[in-house]
>>> print(open('start.txt').read())   # compact mmCIF, C-alpha atoms
# COMPACT_ATOMS: atom_id res chain seq x y z
CA MET A 1500 27.87 173.47 127.97
CA THR A 1501 25.74 174.75 125.09
CA ASP A 1502 23.21 172.55 123.33
CA ARG A 1503 24.27 171.03 120.05
CA THR A 1504 22.66 172.87 117.13
CA MET A 1505 22.20 172.47 113.41
CA ASN A 1506 21.31 175.42 111.19
CA GLY A 1507 21.03 177.39 114.45
CA ILE A 1508 18.33 175.05 115.79
CA PRO A 1509 18.71 172.64 118.76
CA LEU A 1510 18.98 169.03 117.62
CA ASN A 1511 15.82 167.89 119.39
CA GLU A 1512 13.86 170.46 117.39
CA ILE A 1513 15.64 169.38 114.19
CA TRP A 1514 14.44 165.79 114.69
CA GLU A 1515 10.89 166.98 115.32
CA GLN A 1516 10.85 169.13 112.19
CA LEU A 1517 12.39 166.41 110.01
CA GLY A 1518 9.83 163.89 111.26
CA ALA A 1519 6.80 166.13 110.80
CA GLU A 1520 4.08 164.67 108.58
CA PHE A 1521 3.94 165.93 105.02
CA PRO A 1522 0.84 167.78 103.80
CA GLN A 1523 -1.60 165.66 101.82
CA GLU A 1524 -0.78 167.41 98.55
CA ASP A 1525 2.84 166.19 98.83
CA ILE A 1526 1.84 162.53 99.19
CA ARG A 1527 1.61 160.35 96.10
CA LYS A 1528 0.38 156.81 95.55
CA HIS A 1529 2.65 154.15 94.08
CA PRO A 1530 0.82 152.51 91.14
CA THR A 1531 2.15 149.01 91.86
CA THR A 1532 2.46 148.65 95.63
CA LYS A 1533 -0.58 150.87 96.40
CA MET A 1534 1.47 152.54 99.14
CA ASP A 1535 1.61 156.26 99.80
CA TYR A 1536 5.02 157.81 99.31
CA VAL A 1537 6.81 161.16 99.23
CA SER A 1538 8.95 162.04 96.22
CA VAL A 1539 12.72 162.50 96.38
CA GLU A 1540 12.23 166.18 95.56
CA LYS A 1541 10.04 166.69 98.63
CA VAL A 1542 12.55 164.88 100.86
CA GLU A 1543 15.33 167.15 99.54
CA GLU A 1544 13.09 170.17 100.13
CA ARG A 1545 12.53 169.08 103.74
CA LEU A 1546 16.28 168.72 104.30
CA ASN A 1547 17.02 172.12 102.74
CA ASN A 1548 14.32 173.88 104.77
CA VAL A 1549 15.18 172.30 108.13
CA VAL A 1550 18.88 171.41 108.04
CA GLY A 1551 20.03 173.97 105.49
CA MET A 1552 21.23 173.38 101.94
CA GLY A 1553 24.91 173.44 102.92
CA ASN A 1554 24.52 171.22 105.96
CA TRP A 1555 23.80 167.84 104.41
CA ASN A 1556 25.23 165.56 101.76
CA PHE A 1557 24.50 162.18 100.24
CA PHE A 1558 27.08 159.63 99.12
CA THR A 1559 26.79 156.31 97.31
CA ASP A 1560 29.18 153.43 96.73
CA PRO A 1561 29.63 151.84 93.29
CA PRO A 1562 26.52 149.86 92.27
CA GLN A 1563 26.46 146.08 92.33
CA ILE A 1564 24.41 143.64 90.29
CA CYS A 1565 22.80 140.91 92.40
CA ARG A 1566 21.17 137.80 90.97
CA PHE A 1567 18.55 135.79 92.80
CA GLY A 1568 15.99 133.05 92.23
CA ILE A 1569 16.15 130.03 89.95
CA GLU A 1570 15.85 132.30 86.91
CA ASN A 1571 18.67 134.62 88.05
CA HIS A 1572 16.60 137.79 88.17
CA GLU A 1573 18.88 140.83 88.39
CA SER A 1574 18.70 143.85 90.66
CA CYS A 1575 20.91 146.92 90.82
CA VAL A 1576 21.93 147.37 94.48
CA VAL A 1577 23.44 150.60 95.81
CA SER A 1578 24.76 151.35 99.30
CA GLY A 1579 24.51 154.95 100.47
CA ARG A 1580 24.81 157.27 103.43
CA LEU A 1581 23.07 160.52 104.25
CA VAL A 1582 25.22 162.90 106.29
CA LEU A 1583 23.92 165.86 108.31
CA TYR A 1584 26.41 168.38 109.74
CA ASP A 1585 25.84 170.30 112.94
CA ASP A 1586 27.01 173.89 113.36
CA ASN A 1587 30.48 172.65 114.34
CA ARG A 1588 30.60 170.53 111.15
CA ILE A 1589 30.42 167.32 113.17
CA PRO A 1590 28.67 164.73 110.98
CA ILE A 1591 25.65 162.61 111.90
CA VAL A 1592 25.35 159.66 109.52
CA ARG A 1593 22.60 157.22 108.55
CA SER A 1594 23.37 154.49 106.01
CA THR A 1595 21.64 151.59 104.30
CA CYS A 1596 21.20 150.11 100.83
CA GLY A 1597 18.55 150.29 98.11
CA ALA A 1598 17.77 148.37 94.94
CA ALA A 1599 15.82 148.33 91.69
CA ASP A 1600 15.07 145.49 89.28
CA ILE A 1601 16.82 145.40 85.92
CA ILE A 1602 14.26 144.87 83.16
CA TYR A 1603 14.99 142.78 80.07
CA PRO A 1604 12.73 142.74 77.01
CA ARG A 1605 11.41 139.32 76.12
CA ASP A 1606 13.90 137.20 74.11
CA SER A 1607 16.70 139.75 74.54
CA ASP A 1608 19.89 139.77 76.62
CA ARG A 1609 20.12 143.57 76.52
CA PRO A 1610 18.49 145.46 79.43
CA THR A 1611 15.80 147.99 78.63
CA SER A 1612 17.64 150.73 80.53
CA VAL A 1613 20.49 150.30 82.99
CA ALA A 1614 20.36 154.04 83.69
CA ASN A 1615 16.74 153.79 84.85
CA ALA A 1616 17.59 150.90 87.18
CA LEU A 1617 20.56 152.77 88.65
CA ASP A 1618 18.57 155.98 89.10
CA SER A 1619 15.74 154.09 90.82
CA ALA A 1620 18.20 152.30 93.12
CA VAL A 1621 19.88 155.59 94.12
CA GLN A 1622 16.50 157.20 94.83
CA ASP A 1623 15.52 154.14 96.87
CA VAL A 1624 18.60 154.23 99.09
CA PHE A 1625 18.35 158.02 99.52
CA LYS A 1626 14.78 157.78 100.81
CA ARG A 1627 15.67 154.83 103.03
CA CYS A 1628 18.50 156.84 104.60
CA ALA A 1629 16.15 159.80 105.05
CA LYS A 1630 13.67 157.56 106.87
CA ARG A 1631 16.40 156.77 109.38
CA PHE A 1632 16.34 160.47 110.23
CA GLY A 1633 12.56 160.28 110.61
CA ILE A 1634 11.65 161.82 107.24
CA ALA A 1635 8.48 160.40 105.63
CA ARG A 1636 8.45 157.50 108.08
CA LYS A 1637 4.69 157.66 108.65
CA GLU A 1638 3.54 156.61 105.20
CA LYS A 1639 0.08 155.08 105.12
CA ASN A 1640 -1.21 152.13 103.16
CA ALA A 1641 -2.95 153.60 100.14
CA MET A 1642 -5.43 150.74 100.08
CA HIS A 1643 -7.07 152.45 103.07
CA ALA A 1644 -6.68 155.92 101.56
CA ASP A 1645 -8.59 154.80 98.46
CA LYS A 1646 -11.84 154.85 100.39
CA GLY A 1647 -11.93 158.60 100.58
CA ASN A 1648 -10.08 159.83 97.52
CA GLY A 1649 -13.10 159.89 95.22
CA GLN A 1650 -11.50 157.83 92.44
CA ASN A 1651 -13.73 155.40 90.59
CA ARG A 1652 -12.27 151.91 91.00
CA THR A 1653 -15.17 150.09 89.29
CA GLU A 1654 -14.12 147.71 86.53
CA LYS A 1655 -15.72 148.25 83.15
CA LEU A 1656 -15.39 146.72 79.71
CA MET A 1657 -13.09 148.78 77.48
CA LYS A 1658 -11.96 148.57 73.88
CA VAL A 1659 -8.80 150.40 72.85
CA THR A 1660 -6.71 150.83 69.71
CA PHE A 1661 -2.94 150.82 70.11
CA LEU A 1662 -0.84 153.70 68.80
CA GLU A 1663 2.58 152.24 69.59
CA ALA A 1664 4.43 149.12 70.70
CA PHE A 1665 4.51 148.00 74.33
CA ARG A 1666 7.17 149.69 76.47
CA ALA A 1667 8.64 148.17 79.63
CA LEU A 1668 7.81 149.55 83.06
CA PRO A 1669 10.74 149.95 85.50
CA LYS A 1670 9.53 147.23 87.88
CA GLY A 1671 7.96 144.85 85.37
CA GLY A 1672 4.85 145.04 83.24
CA ALA A 1673 4.29 147.24 80.22
CA LYS A 1674 2.51 150.34 78.98
CA SER A 1675 1.43 151.81 75.65
CA LYS A 1676 -0.36 154.82 74.18
CA VAL A 1677 -3.90 153.93 73.09
CA THR A 1678 -7.07 155.57 71.88
CA TYR A 1679 -10.17 155.00 74.00
CA GLY A 1680 -13.29 156.61 72.65
CA GLU A 1681 -12.05 159.95 71.38
CA LYS A 1682 -9.24 160.24 73.93
CA THR A 1683 -5.55 159.35 73.70
CA LEU A 1684 -4.44 157.78 76.99
CA GLU A 1685 -1.75 155.58 78.47
CA MET A 1686 -2.70 151.97 79.14
CA VAL A 1687 -0.78 150.21 81.92
CA ILE A 1688 -0.47 146.47 82.54
CA TRP A 1689 1.20 145.74 85.88
CA SER A 1690 3.77 142.97 86.26
CA LYS A 1691 1.47 140.26 87.66
CA GLU A 1692 -1.11 140.63 84.89
CA TRP A 1693 1.61 141.07 82.24
CA GLU A 1694 3.33 137.83 83.21
CA ALA A 1695 0.00 135.98 83.14
CA LEU A 1696 -0.73 137.31 79.64
CA GLN A 1697 2.73 136.31 78.42
CA LYS A 1698 2.36 132.78 79.77
CA LYS A 1699 -1.02 132.34 78.10
CA TYR A 1700 -0.53 134.21 74.81
CA GLY A 1701 3.25 134.22 74.29
CA ASP A 1702 4.65 136.75 71.83
CA SER A 1703 1.32 138.53 71.45
CA PHE A 1704 2.30 140.33 74.67
CA ARG A 1705 5.96 141.32 74.60
CA VAL A 1706 7.94 144.51 75.02
CA GLY A 1707 8.46 145.93 71.54
CA GLY A 1708 5.42 144.09 70.19
CA ARG A 1709 2.23 145.82 69.15
CA LEU A 1710 -1.41 144.81 69.04
CA ASN A 1711 -4.00 146.47 66.85
CA GLU A 1712 -6.76 146.55 69.44
CA ILE A 1713 -7.95 144.76 72.56
CA THR A 1714 -11.12 144.45 74.62
CA PHE A 1715 -10.56 144.08 78.36
CA TYR A 1716 -11.88 144.90 81.80
CA GLY A 1717 -10.05 147.80 83.38
CA VAL A 1718 -10.33 150.93 85.48
CA GLU A 1719 -9.89 154.54 84.51
CA LYS A 1720 -7.89 156.40 87.13
CA GLU A 1721 -5.90 159.56 87.67
CA TYR A 1722 -2.15 159.30 88.16
CA ARG A 1723 0.06 162.37 88.63
CA GLY A 1724 -2.56 164.64 87.16
CA THR A 1725 -3.29 162.57 84.03
CA VAL A 1726 -5.88 159.88 83.31
CA GLN A 1727 -4.65 156.39 82.50
CA LEU A 1728 -6.26 153.01 81.89
CA GLU A 1729 -5.26 150.17 84.18
CA PHE A 1730 -5.65 146.65 82.77
CA VAL A 1731 -7.38 144.21 85.14
CA ARG A 1732 -8.34 141.14 83.11
CA LEU A 1733 -9.52 139.88 79.75
CA PRO A 1734 -13.20 139.02 79.22
CA ASP A 1735 -14.41 135.50 79.90
CA ASN A 1736 -14.37 134.71 76.18
CA GLY A 1737 -10.73 133.69 76.50
CA GLY A 1738 -9.24 136.90 75.26
CA LYS A 1739 -11.03 137.14 71.92
CA GLY A 1740 -10.86 140.67 70.68
CA ALA A 1741 -7.10 141.00 71.15
CA ALA A 1742 -5.58 141.37 67.70
>>> encode(input="start.txt", output="C-alpha cells")
Amino acid sequence: MTDRTMNGIPLNEIWEQLGAEFPQEDIRKHPTTKMDYVSVEKVEERLNNVVGMGNWNFFTDPPQICRFGIENHESCVVSGRLVLYDDNRIPIVRSTCGAADIIYPRDSDRPTSVANALDSAVQDVFKRCAKRFGIARKEKNAMHADKGNGQNRTEKLMKVTFLEAFRALPKGGAKSKVTYGEKTLEMVIWSKEWEALQKKYGDSFRVGGRLNEITFYGVEKEYRGTVQLEFVRLPDNGGKGAA
C-alpha cells in the first residue's frame, strides 16, 4: 500500500511544511492586542507553495449577526471550512467559526461599514481553520518581542492639529490625519482610551466629529512601514488644550 500524498509529497511531510515557522519579515504585530500574527496573504502563499494552488479550497456559510451584553453589542459571525485534497482528491477538512465587531458611529443606528466587518470575520475564520492544519500556530506575544525590536515606546508630550474628522477603527476606537511638527501622520486612539474620552468629554470625541488641536501624551511608532502617533493619555491638567 502506497503512502498517501498531496502535491506529490507524503502527508507527514506536508504537515511539517505547513507547520514550519514563518520568517521574521512575514510576522506583523497587531496594534490592539499586541500579538504577533501572519497575514492572510502569507497563509495563502504557504498553502499554494506546499499543498498546491489547485489542491485546497475555502468555504463559508452565510454570516450571522450575534448580539451580546446588556448593551446588545453586535458581531458578524461566520462559519467556515478549509479543505485540502490529496492526490486522489480525497478531502481533509478543518472547520471552525470567526467573528468581527460591527462598529456604529456615536448617536447613529447605521453601521460604519458592514463590508469591513464581514471581510474581517471571513479572514478570522480562514486563519483559524489554517491553524487547525498547523499554519501560523506558533505566534508569540508581541509584548515580549517589543524588547528587541528597537522601537521607542517612551511617552512624550505631543501637540497636533487635526486635518479631518475622526474615523472609526474596525474593532473600536478612532483615527485621524494630523500634523505634528512639520509632518502629516495618522493619530490612533484605541478602543479603551476612546471610550474613556467619550465618557468624560461626550461629543467632543465622536466618529465624524473634529477637533482643532489637542495636547496629549503619546508614542511615535512604526506600523506597516509608516509612522503613526498612538494616543496614551491626556495631561494632568484635565484635558485642557483639546479644542
>>> atom_distance(input="start.txt", atom1="CA of Glu1524 in chain A", atom2="CA of Lys1541 in chain A")
10.8 Å
>>> closest_atom_pairs(input="start.txt", of="range 1520-1584 of chain A", to="range 1592-1615 of chain A", cutoff="10 Å", atoms="only C-alpha atoms", output="tab-separated table")
residue	atom	partner	partner_atom	distance
A:Trp1555	CA	A:Val1592	CA	9.8
A:Asn1556	CA	A:Val1592	CA	9.7
A:Phe1557	CA	A:Val1592	CA	9.7
A:Phe1558	CA	A:Ser1594	CA	9.4
A:Thr1559	CA	A:Cys1596	CA	9.1
A:Asp1560	CA	A:Cys1596	CA	9.6
A:Pro1562	CA	A:Ala1598	CA	9.3
A:Gln1563	CA	A:Ala1598	CA	9.4
A:Ile1564	CA	A:Ile1601	CA	8.9
A:Cys1565	CA	A:Ala1598	CA	9.3
A:Arg1566	CA	A:Asp1600	CA	10.0
A:His1572	CA	A:Asp1600	CA	7.9
A:Glu1573	CA	A:Ile1601	CA	5.6
A:Ser1574	CA	A:Asp1600	CA	4.2
A:Cys1575	CA	A:Ala1599	CA	5.4
A:Val1576	CA	A:Ala1598	CA	4.3
A:Val1577	CA	A:Gly1597	CA	5.4
A:Ser1578	CA	A:Cys1596	CA	4.1
A:Gly1579	CA	A:Ser1594	CA	5.7
A:Arg1580	CA	A:Ser1594	CA	4.1
A:Leu1581	CA	A:Arg1593	CA	5.4
A:Val1582	CA	A:Val1592	CA	4.6
A:Leu1583	CA	A:Val1592	CA	6.5
A:Tyr1584	CA	A:Val1592	CA	8.8
>>> residues_around(input="start.txt", residues="range 1724-1733 of chain A", least_positions_apart="5", cutoff="12 Å", atoms="only C-alpha atoms", output="PyMOL selection string")
chain A and resi 1524+1527-1528+1530-1531+1650-1659+1672-1679+1682-1693+1695-1696+1699-1700+1713-1719+1738-1741
>>> residues_around(input="start.txt", residues="Glu1520 in chain A", least_positions_apart="5", cutoff="12 Å", atoms="all atoms listed in the file", output="list of chain:residue names")
A:Glu1515, A:Asp1525, A:Ile1526, A:Tyr1536, A:Val1537, A:Lys1541, A:Val1542, A:Arg1545, A:Gly1633, A:Ile1634, A:Ala1635, A:Arg1636, A:Lys1637, A:Glu1638, A:Lys1639
>>> atom_distance(input="start.txt", atom1="CA of Ile1508 in chain A", atom2="CA of Phe1625 in chain A")
23.6 Å
